[in-house]
Amino acid sequence: MITGGRTRRSGVGLFAVAALALSGLGLSGCGDRSDTAGRPAESIDFSILSAQGQASAGPLWQPLLDDLSKAVGAPVRPHFASTYAELVEDMKRGEVEAGWFSAQPAIDAIQDADGELIARTVSPEGLDNYRATLIVKAGSDITLDDVMACGRRYSFGLGDAQSTSGTLAPLTWLFNPRGIDPERCFSTVRSNNHERNAFEVASGVLDVATSNTVSAAALRAQNPTLAEQIQVIWQSPPIPEGGIIVRGDLDPATKEKIRSFFLTYGQGNGVEAERQRRVLSGLRYSRFNAADDDYLDPVREMMADQRLTTARAARDASGVAEAERELQRLRAKREVQP
């Protein structure tokens, strides 16, 4: 959940901050993971990186967390924070044992917090990907060409600096290829969660904002009147959906219980399976599929591309070389995969 909009007009700027952001279970709340590695947990803190924020996401996730608690034999508590980076740091410090992470923060958790990807979410339509979008108020007559013309005509809302669809995807696929710096393009740039951005676009507070197809589906279900006031003017290529991350130093038996829980949840027949599918429906999921680290490689390419753009703008030769090597590695890996 991102609380409070922040307006940026000058200085180092929001997108420089975004560029920097790209560069067994233990006992809950213990910062020293070496003391608790491999021990079964007395309780589990489960982080939720929701674009909709705690108030909206908490009640939807609670039934699933209650079921997870029964499966692992320990209390499971939802864990929220004010930014994506903070939740990654919470896992790094040992304050979080598992959680749902969107793609870019999932990569950060794997790289910086010894996280392990064990499952990925699948939409009700059977998709394990989604798309970033650019939205305007319906009837405003603002087109994508109008937005790309810049001239500081419009106010702009985007997501957290580590949001895949709210920041990384629009930079990678929309602004960077056109040589556009959003801070110089728009009259103001405000950072918030997708739910808040959608409300401010619909109410006319913001002219343009980033969103995504998952958030749009949730908005249509929860507030169809508000959803009708929003128009999509751009969609990105597919982005890998988020997934379930567990700490690498989990107790192996507990880790396997968590993995098995997600991969079997809502599957099969009978009253209990039907109840679980209703829980998943509230989250806009149909099931969880198995996943490993390679699943997130398309987002790693986006992150490397953004680092390359930033390094070129700063005339950082070593940064350019490093980003180019990473892009070359990822693209070569993609070409040999089936």
# chains A, B, ... in the order shown; residues from 1 in each chain; ligands from 1
call {"tool": "residues_around", "arguments": {"residues": "Ala332 in chain A", "least_positions_apart": "6", "cutoff": "12 Å", "atoms": "only C-alpha atoms", "output": "list of chain:residue names"}}
result
A:Asp297, A:Glu301, A:Arg325, A:Glu326
call {"tool": "write_last_selection", "arguments": {"atoms": "N, CA and C atoms", "output": "mmCIF file, in the first residue's frame"}}
result
data_model
loop_
_atom_site.group_PDB
_atom_site.id
_atom_site.type_symbol
_atom_site.label_atom_id
_atom_site.label_comp_id
_atom_site.auth_asym_id
_atom_site.auth_seq_id
_atom_site.Cartn_x
_atom_site.Cartn_y
_atom_site.Cartn_z
ATOM 1 N N ASP A 297 12.280 -13.830 -15.643
ATOM 2 C CA ASP A 297 13.304 -13.283 -16.534
ATOM 3 C C ASP A 297 12.806 -12.148 -17.436
ATOM 4 N N GLU A 301 14.720 -8.485 -17.789
ATOM 5 C CA GLU A 301 15.095 -7.774 -19.011
ATOM 6 C C GLU A 301 14.638 -6.326 -18.954
ATOM 7 N N ARG A 325 25.696 -6.154 -20.765
ATOM 8 C CA ARG A 325 26.056 -7.559 -20.523
ATOM 9 C C ARG A 325 24.872 -8.332 -19.961
ATOM 10 N N GLU A 326 24.140 -7.725 -19.036
ATOM 11 C CA GLU A 326 22.984 -8.398 -18.441
ATOM 12 C C GLU A 326 21.881 -8.613 -19.477
#
call {"tool": "residues_around", "arguments": {"residues": "range 168-176 of chain A", "least_positions_apart": "5", "cutoff": "8 Å", "atoms": "only C-alpha atoms", "output": "ChimeraX atom specification"}}
result
/A:132-133,161-163,181-182,210,236,302-303,305-306,309
call {"tool": "closest_residue", "arguments": {"among": "A:Gly115, A:Leu226, A:Ala57, A:Pro63", "to": "Arg275 in chain A", "atoms": "only C-alpha atoms"}}
result
A:Pro63
call {"tool": "closest_residue", "arguments": {"among": "A:Leu127, A:Ile230, A:Leu283, A:Ile118", "to": "Gln62 in chain A", "atoms": "only C-alpha atoms"}}
result
A:Leu283
call {"tool": "select_by_dssp", "arguments": {"residues": "range 36-201 of chain A", "states": "helix (DSSP H, G or I)", "output": "ChimeraX atom specification"}}
result
/A:54-72,84-92,103-112,144-148,164-178,182-185,194-201
call {"tool": "write_last_selection", "arguments": {"atoms": "C-alpha atoms", "output": "PDB file, in the first residue's frame"}}
result
ATOM      1  CA  GLN A  54      -4.283  -2.728   2.982  1.00  0.00           C
ATOM      2  CA  ALA A  55      -7.896  -1.688   3.501  1.00  0.00           C
ATOM      3  CA  SER A  56      -9.022  -3.335   0.259  1.00  0.00           C
ATOM      4  CA  ALA A  57      -6.653  -6.303   0.147  1.00  0.00           C
ATOM      5  CA  GLY A  58      -6.655  -7.368   3.798  1.00  0.00           C
ATOM      6  CA  PRO A  59     -10.195  -8.787   3.974  1.00  0.00           C
ATOM      7  CA  LEU A  60      -9.757 -10.583   0.636  1.00  0.00           C
ATOM      8  CA  TRP A  61      -6.555 -12.345   1.719  1.00  0.00           C
ATOM      9  CA  GLN A  62      -7.598 -13.218   5.284  1.00  0.00           C
ATOM     10  CA  PRO A  63      -9.638 -16.373   4.452  1.00  0.00           C
ATOM     11  CA  LEU A  64      -6.698 -17.778   2.473  1.00  0.00           C
ATOM     12  CA  LEU A  65      -4.277 -16.963   5.289  1.00  0.00           C
ATOM     13  CA  ASP A  66      -6.592 -18.684   7.776  1.00  0.00           C
ATOM     14  CA  ASP A  67      -6.505 -21.786   5.578  1.00  0.00           C
ATOM     15  CA  LEU A  68      -2.715 -21.552   5.291  1.00  0.00           C
ATOM     16  CA  SER A  69      -2.479 -21.391   9.071  1.00  0.00           C
ATOM     17  CA  LYS A  70      -4.338 -24.703   9.357  1.00  0.00           C
ATOM     18  CA  ALA A  71      -2.133 -26.284   6.699  1.00  0.00           C
ATOM     19  CA  VAL A  72       1.191 -25.377   8.340  1.00  0.00           C
ATOM     20  CA  TYR A  84       7.382  -2.205  -1.863  1.00  0.00           C
ATOM     21  CA  ALA A  85      11.008  -1.665  -0.853  1.00  0.00           C
ATOM     22  CA  GLU A  86      10.057  -1.741   2.819  1.00  0.00           C
ATOM     23  CA  LEU A  87       8.469  -5.175   2.513  1.00  0.00           C
ATOM     24  CA  VAL A  88      11.553  -6.538   0.766  1.00  0.00           C
ATOM     25  CA  GLU A  89      13.653  -5.139   3.597  1.00  0.00           C
ATOM     26  CA  ASP A  90      11.287  -6.719   6.128  1.00  0.00           C
ATOM     27  CA  MET A  91      11.948 -10.139   4.593  1.00  0.00           C
ATOM     28  CA  LYS A  92      15.678  -9.417   4.507  1.00  0.00           C
ATOM     29  CA  ALA A 103       7.200  -9.345 -10.262  1.00  0.00           C
ATOM     30  CA  GLN A 104       9.826  -6.643  -9.696  1.00  0.00           C
ATOM     31  CA  PRO A 105       9.743  -6.754  -5.868  1.00  0.00           C
ATOM     32  CA  ALA A 106       9.821 -10.556  -6.145  1.00  0.00           C
ATOM     33  CA  ILE A 107      13.125 -10.271  -8.009  1.00  0.00           C
ATOM     34  CA  ASP A 108      14.432  -7.908  -5.323  1.00  0.00           C
ATOM     35  CA  ALA A 109      13.358 -10.356  -2.599  1.00  0.00           C
ATOM     36  CA  ILE A 110      15.112 -13.231  -4.381  1.00  0.00           C
ATOM     37  CA  GLN A 111      18.282 -11.205  -4.924  1.00  0.00           C
ATOM     38  CA  ASP A 112      18.509  -9.252  -1.686  1.00  0.00           C
ATOM     39  CA  LEU A 144      -2.081   8.735 -26.290  1.00  0.00           C
ATOM     40  CA  ASP A 145      -0.697  11.109 -28.935  1.00  0.00           C
ATOM     41  CA  ASP A 146      -1.779  14.053 -26.766  1.00  0.00           C
ATOM     42  CA  VAL A 147       0.031  12.579 -23.767  1.00  0.00           C
ATOM     43  CA  MET A 148       3.198  11.786 -25.729  1.00  0.00           C
ATOM     44  CA  THR A 164       6.283  -3.331 -12.235  1.00  0.00           C
ATOM     45  CA  SER A 165       3.156  -2.057 -13.967  1.00  0.00           C
ATOM     46  CA  GLY A 166       3.024   1.351 -12.310  1.00  0.00           C
ATOM     47  CA  THR A 167       6.556   2.495 -13.168  1.00  0.00           C
ATOM     48  CA  LEU A 168       8.875  -0.062 -14.790  1.00  0.00           C
ATOM     49  CA  ALA A 169       6.652  -1.179 -17.674  1.00  0.00           C
ATOM     50  CA  PRO A 170       5.585   2.331 -18.791  1.00  0.00           C
ATOM     51  CA  LEU A 171       9.204   3.475 -18.694  1.00  0.00           C
ATOM     52  CA  THR A 172      10.463   0.439 -20.609  1.00  0.00           C
ATOM     53  CA  TRP A 173       7.806   0.250 -23.304  1.00  0.00           C
ATOM     54  CA  LEU A 174       6.313   3.738 -23.556  1.00  0.00           C
ATOM     55  CA  PHE A 175       8.529   6.588 -22.398  1.00  0.00           C
ATOM     56  CA  ASN A 176      12.126   5.374 -22.881  1.00  0.00           C
ATOM     57  CA  PRO A 177      11.726   4.353 -26.558  1.00  0.00           C
ATOM     58  CA  ARG A 178      10.467   7.884 -27.281  1.00  0.00           C
ATOM     59  CA  PRO A 182       8.002  12.048 -17.523  1.00  0.00           C
ATOM     60  CA  GLU A 183       9.128  14.695 -15.052  1.00  0.00           C
ATOM     61  CA  ARG A 184       9.786  17.078 -17.926  1.00  0.00           C
ATOM     62  CA  CYS A 185       6.768  15.916 -19.900  1.00  0.00           C
ATOM     63  CA  HIS A 194      -3.346   1.994  -8.465  1.00  0.00           C
ATOM     64  CA  GLU A 195      -6.573   2.282  -6.517  1.00  0.00           C
ATOM     65  CA  ARG A 196      -5.867   5.879  -5.530  1.00  0.00           C
ATOM     66  CA  ASN A 197      -4.672   6.799  -9.013  1.00  0.00           C
ATOM     67  CA  ALA A 198      -7.851   5.394 -10.558  1.00  0.00           C
ATOM     68  CA  PHE A 199     -10.002   7.400  -8.140  1.00  0.00           C
ATOM     69  CA  GLU A 200      -8.098  10.604  -8.868  1.00  0.00           C
ATOM     70  CA  VAL A 201      -8.356  10.113 -12.633  1.00  0.00           C
TER      71      VAL A 201
END
call {"tool": "closest_residue", "arguments": {"among": "A:Arg190, A:Arg329, A:Arg259, A:Arg93", "to": "Val205 in chain A", "atoms": "only C-alpha atoms"}}
result
A:Arg190
call {"tool": "select_by_dssp", "arguments": {"residues": "range 43-215 of chain A", "states": "strand (DSSP E or B)", "output": "PyMOL selection string"}}
result
chain A and resi 44-48+76-79+98-101+115-122+129-130+132-137+155-158+188-191+208-212
call {"tool": "atom_distance", "arguments": {"atom1": "CA of Ile245 in chain A", "atom2": "CA of Trp100 in chain A"}}
result
6.3 Å
call {"tool": "closest_residue", "arguments": {"among": "A:Glu228, A:Glu322, A:Asp128, A:Asp141", "to": "Leu296 in chain A", "atoms": "only C-alpha atoms"}}
result
A:Asp128
call {"tool": "closest_residue", "arguments": {"among": "A:Ala317, A:Val208, A:Asp45, A:Ala291", "to": "Cys150 in chain A", "atoms": "only C-alpha atoms"}}
result
A:Val208
call {"tool": "residues_around", "arguments": {"residues": "Gly157 in chain A", "least_positions_apart": "2", "cutoff": "6 Å", "atoms": "only C-alpha atoms", "output": "ChimeraX atom specification"}}
result
/A:189-191,209
call {"tool": "write_last_selection", "arguments": {"atoms": "C-alpha atoms", "output": "PDB file, in the first residue's frame"}}
result
ATOM      1  CA  VAL A 189       4.055  13.727 -11.301  1.00  0.00           C
ATOM      2  CA  ARG A 190       2.352  12.058  -8.335  1.00  0.00           C
ATOM      3  CA  SER A 191       3.135   8.608  -6.905  1.00  0.00           C
ATOM      4  CA  ALA A 209      -2.161   7.712 -14.627  1.00  0.00           C
TER       5      ALA A 209
END
call {"tool": "residues_around", "arguments": {"residues": "Tyr295 in chain A", "least_positions_apart": "4", "cutoff": "9 Å", "atoms": "only C-alpha atoms", "output": "PyMOL selection string"}}
result
chain A and resi 120+240+291+299
call {"tool": "write_last_selection", "arguments": {"atoms": "N, CA, C and O atoms", "output": "compact mmCIF listing (two decimals), in the first residue's frame"}}
result
# COMPACT_ATOMS: atom_id res chain seq x y z
N ARG A 120 3.16 -19.21 -8.76
CA ARG A 120 2.73 -17.98 -9.41
C ARG A 120 1.21 -17.99 -9.52
O ARG A 120 0.58 -19.04 -9.58
N PRO A 240 4.80 -10.93 -16.53
CA PRO A 240 4.57 -12.07 -15.63
C PRO A 240 3.83 -11.64 -14.36
O PRO A 240 4.16 -10.62 -13.76
N ALA A 291 6.27 -22.51 -10.05
CA ALA A 291 7.13 -21.53 -10.71
C ALA A 291 8.53 -21.61 -10.11
O ALA A 291 8.70 -22.02 -8.96
N VAL A 299 10.90 -9.76 -16.72
CA VAL A 299 10.96 -8.54 -15.92
C VAL A 299 12.40 -8.15 -15.66
O VAL A 299 12.74 -6.97 -15.61
call {"tool": "atom_distance", "arguments": {"atom1": "CA of Val122 in chain A", "atom2": "CA of Ala138 in chain A"}}
result
29.3 Å
